[in-house]
Structures are given as structure tokens and as C-alpha cells.
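Asker: One structure, as C-alpha cells, below. Some questions next.
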Amino acid sequence: MNTPTSNTLFLRAQQSIPGGVNSPVRAFKSVGGTPIFIKRAEGAYLYDEDGNRYIDYINSWGPMILGHAYQPVVEAICQRAAFSTSYGAPTALETEMAELILSMVPNVDLIRMVSSGTEACMSAIRLARGYTGKNKFIKFEGCYHGHADCFLVKAGSGLATFNIQTVPGVTAGVAADTLTCAYNDLDAVNQLVQQNKGEIAAIILEPVAGNMGCIPPAPGFAEGLRKICDEENIVLIFDEVMTGFRLAAGGAQERLGVKADLVTYGKVIGAGMPVGAFGGKREIMEHIAPLGSVYQAGTLSGNPLAMIAGYTLLKTLKDNPQIYQQLEDKTAYLHKGLDEVLQRSGIPYIINRTGSMISVHFSDKPVNNFADAATANNERFNRYFHHMLNAGIYLPPSAYETWFISNALEQADLDHTIKATEEFLAKEA
Ligand code: KE4
């Protein structure tokens, strides 16, 4: 692709923004090259500042599940903006949004809006600590729950992409309360629980991991965590920032049939506007201020524009459940096509998928945890990324990310993706 304007804009951006980006994963640092500057997007396509078109498999890292510039959302935001953009006082819209979410997801009695997935996850951990009176929590290597200090221990997403093991500024004191073990390793969880008996407030899990590529839970893994939490008075937190409203209307709780005590949301819930949320059992949520003493707050929490965007999208998903089958069918079609061309190439690969979360790993063994993802041929992935970008296909710029399917993708887009992959493999053979 010829992208002179993006190149110029990136040089300019670096004069005023650290690394020229407002979030590290956008910088193409691991795949190399210059990030593409997007001018607009519509449906399944991104258009860069040089007018090049790309099939979008990032979709803003998940939110754009119905594709870009979905008209009902755009119109709702435009209409609401005329009533001002924020009040700092309660609105009926926030209640309608909360009621809609509670009607879609299982096992959530109360929900609090925030402005990002990070805020949702850090609030959930604080709440679990305040509710149990215990300090430690378990997270899984390669899972990413946002950039709050306590999560930046063996995290996925950008930290895995840039191989950042410990983050300067995260104190030893904070990190000491964050226990980690391999995803899908129930024995390791049991060991940590026995070694820290009575000290663990929570286990936080990406119920389908998406920040080390897509890694589904092994059969019985989530169920095993539920059992441990019941036995040990530990709060089970499902981080559904990525899986929520994507894997099913009721998210991973519905898809896996496992109940969490607290659930966090983001991405789809805001339809591309800044929204996160955390919710769960009334007996736990009632510890949140102003009901209880676990303080949590936000100037723009429940922002009316963000609420009307999220409400409009979620209502569409609720009223049109066939969308989930369409997403499933499109992703299965892509999976099958990629599998066929990869199989024919003789190049080692693994495709992991749950619902419309999918990732390709150039690995000669199953990818069931972060260590597996890290030992794949990620240099080959980086070459794959650039081949696809030049073919007008924008994959997540890291082997440690899941691909996000939007329902705006048509078969021609999927066929083009499969064909471009076949052409890449021919070059690699
Ligand atoms: P935000 O604070 O970025 O809204 O959400 C943090 C978060 C929490 N939990 C999960 C499971 C997540 O995937 C995320 C954010 N995901 C990354 C992409 N893997 C966001 C992209 C970025 O950092 O720019």
C-alpha cells in the first residue's frame, strides 16, 4: 500500500504524543513499519488518509460488532448531543441502560457504569477486596485486564507484544498481591490457593482469553475455578470486556454456562464510545459507595452520549438474536477457509476460535496458554500481518491479539482474506 500521508502524520504525531499514539498497541512496534492513519470507516472497511481501503479485523479492538458508522448509533449520538454532552447528574437514560444490560446478561443484580474496561476491572478488584477483607488476587499469565497497576504483572496484549515483564512504576508492594499462573492450569490455581490460604480475595479471568491471541478455556477450567471460589470464599470475576455481548447476548456466562460473582464489561457496551461497567451479585455490589464504603467514582461515568450509543447497539443485538448466528457462521466460514489453505501449505499452524473470536498462530503445537503463544513463530506472523495489510486487510498488529469479526463482513471480504493468506503462504513455502 502507498501511504505517504500516514508516514508524514506519524512523524508529526511523534512530536506531541509519546510514540505518536494514544495507546501502545496501535504503534506497529512489534510488527514493524508505520501505523496507518485512519480518515474514516464504514461497514467492514477502514479508509486511510491516502484513500486506501482495508477490510477491518480490529473493529476498534472489539466494539464495532455491527461494523463502522452503524446508522442507528450515529443518529442517536447526533440527536442526543443537542441536549448537551454531559451533566454530572443522574439521567433516566442511565437507568434504561442498566435495565437493558440486566435483561441481557445472567446473574447481575446491580451494575455501575465507568468509562473504560480498565476502570471496570480495577473497580471490581477493589470491590472484591473490600467485600472479602482479603488483599491478594489471582490473574493468569497473558490475560490483560487494563493498565491499572495491579494488573501489569505478566499481562497480555501490548505488554506481551512488547515483551514487558515488569512495568516501572508498579511498586513491589502492589505486585506482591498479584498472584499469577498459567491459563488453563487448574492445579496451579489450587497450589496458589493452598499456599495463600485465606488471603485471596478474587480470581479474575478472561473467560475466553483474547490478549494472547484467542485462547478458549480448557473443558472444565472455568467450572473448576467456580468450585474453588465457592469452597474458599473467593470472588470469581469474569472480565468480559472482550467477550461481553460478543460471544452471546449474555456473554461468556451464557456461552460457558458458568456463573461469575462479578462481571466487567467494555468495548461493545459503548458501541465505540468510552464505556465500561462492572456488576454482579447484590450482596457484593451493595458495598460500593454510596451504599457502602468501597469508593469508586467518575466524572463522565454514564455519559449521555456514551449511554445512547451503547443502548442503541445493545438493543439492536437483543432484538435481533440472529446476529449472533450470523457472526458465528461468518467466523466459521473464515476458519474453514484459512484452515484449508494453511493445511495445504504444510506450514505449522494453529487456529483458535470461540464464536467470533479467532486467531492464527504459526505454531507446531496447540496454543493453550501464554507460553505456547510466545513460542509460536511470531516473526512469521509479523510478515503475514504486512502481507495482508498490503492486500488491503487490516489484522490486529500483534500475534498476541484476537481478531474481531464484525457482522458487516460479507463473503467476498472473507474470500479475499482467505485468498491473500494463500498467497502469503506460497511466498513463505
Ligand atoms: P480498556 O481500558 O482498554 O477499555 O479495557 C482494558 C481491557 C480489559 N479487559 C480486556 C479483556 C481487554 O481486552 C481490555 C483491552 N483490550 C485491548 C486490546 N487487546 C485494548 C486495546 C488497547 O490497549 O489499545
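Naming works like this for the C-alpha cells: A, B, ... for the chains as they're shown, residue 1 at the start of each chain, ligands 1 onward in shown order.
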How would you report the residues lying within 6 Å of ligand 1, as a list in words, if you count only C-alpha atoms and all ligand atoms?

Answerer: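 Going residue by residue within 6 Å of ligand 1, we get Ser23, Val25, Trp61, Ser116, Gly117, Thr118, Tyr144, His145, Gly146, Ser157, Glu206, Asn211, Asp239, Val241, Met242, Gly266 and Glu401 of chain A.
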
Asker: Give me, as a PyMOL selection string, all polymer residues having an atom no more than 12 Å from A:Gly169, counting only C-alpha atoms and skipping those fewer than 4 positions away in the same chain.

Answerer: chain A and resi 147-150+152-153+173-175

Asker: Please list as an NGL selection string every residue within 12 Å of A:Ala373, counting only C-alpha atoms and excluding residues in the same chain fewer than 6 positions away.

Answerer: :A and (141-143 or 156-157 or 160-161 or 182-183 or 209-215 or 349-352 or 359-367 or 381 or 398-402)

Asker: Determine, counting only C-alpha atoms, which protein, DNA and RNA residues have an atom within 8 Å of an atom of A:Lys39; residues of the same chain fewer than 3 positions away are not included. Present the result as a ChimeraX atom specification.

Answerer: /A:46-49

Asker: For each of A:Pro321, A:Gly33, A:Pro106, A:Pro90, take the minimum atom-to-atom distance to A:Asn390, counting only C-alpha atoms, then give the residue where this is smallest.

Answerer: A:Gly33

Asker: From a DSSP pass on the backbone, collect the residues of stretch 158-266 of chain A flagged as strand (DSSP E or B) and hand them back as an NGL selection string.

Answerer: :A and (166 or 178-181 or 200-205 or 209 or 215 or 235-239 or 262-265)

Asker: Check the smallest atom-to-atom distance from each of A:His386, A:Lys419, A:Lys267, A:Arg126 to A:Pro35 using only C-alpha atoms, then report the winner.

Answerer: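 Distance minimum relative to A:Pro35 lands on A:His386.
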
Asker: Name all residues at most 10 Å from A:Tyr45 (count only C-alpha atoms; drop same-chain ones fewer than 3 positions away) and give them as a PyMOL selection string.

Answerer: chain A and resi 40-42+48+52-57+59+67-68+392-394+408-409+413

Asker: When you count only C-alpha atoms, which of these residues is closest to A:Leu305: A:Ala248, A:Met273, A:Ile284, A:Cys229?

Answerer: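 When distances to A:Leu305 are compared using only C-alpha atoms, the smallest one comes from A:Met273.
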
Asker: Using DSSP on the backbone coordinates, identify all residues within stretch 95-197 of chain A classified as helix (DSSP H, G or I); present the result as a PyMOL selection string.

Answerer: chain A and resi 95-104+117-132+149-151+158-161+172-176+186-195

Asker: Please provide as a VMD selection string all residues within 12 Å of A:Asp329, with the sequence filter that same-chain residues fewer than 2 positions apart are discarded (counting only C-alpha atoms).

Answerer: chain A and resid 322 to 327 331 to 336 354 to 356 405 to 407 409 to 411 414

Asker: Smallest atom-to-atom distance to A:Leu338: which of A:Ala27, A:Ile358, A:Met122, A:Ala222, using only C-alpha atoms?

Answerer: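 Between A:Ala27, A:Ile358, A:Met122, A:Ala222, the residue approaching A:Leu338 most closely is A:Ile358.
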
Asker: Measuring atom to atom with only C-alpha atoms, identify which of A:Phe10, A:Phe140, A:Phe37, A:Trp403 is nearest to A:Pro217.

Answerer: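 Closest to A:Pro217, using only C-alpha atoms: A:Phe140.
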
Asker: Excluding A:Ile101 and its own-chain neighbours fewer than 3 positions away, which residues fall within 12 Å of it when counting only C-alpha atoms? Please give them as a ChimeraX atom specification.

Answerer: /A:94-98,104-113,244-245,249-251,263-265,268-270,277-280,307,310-315,317-318
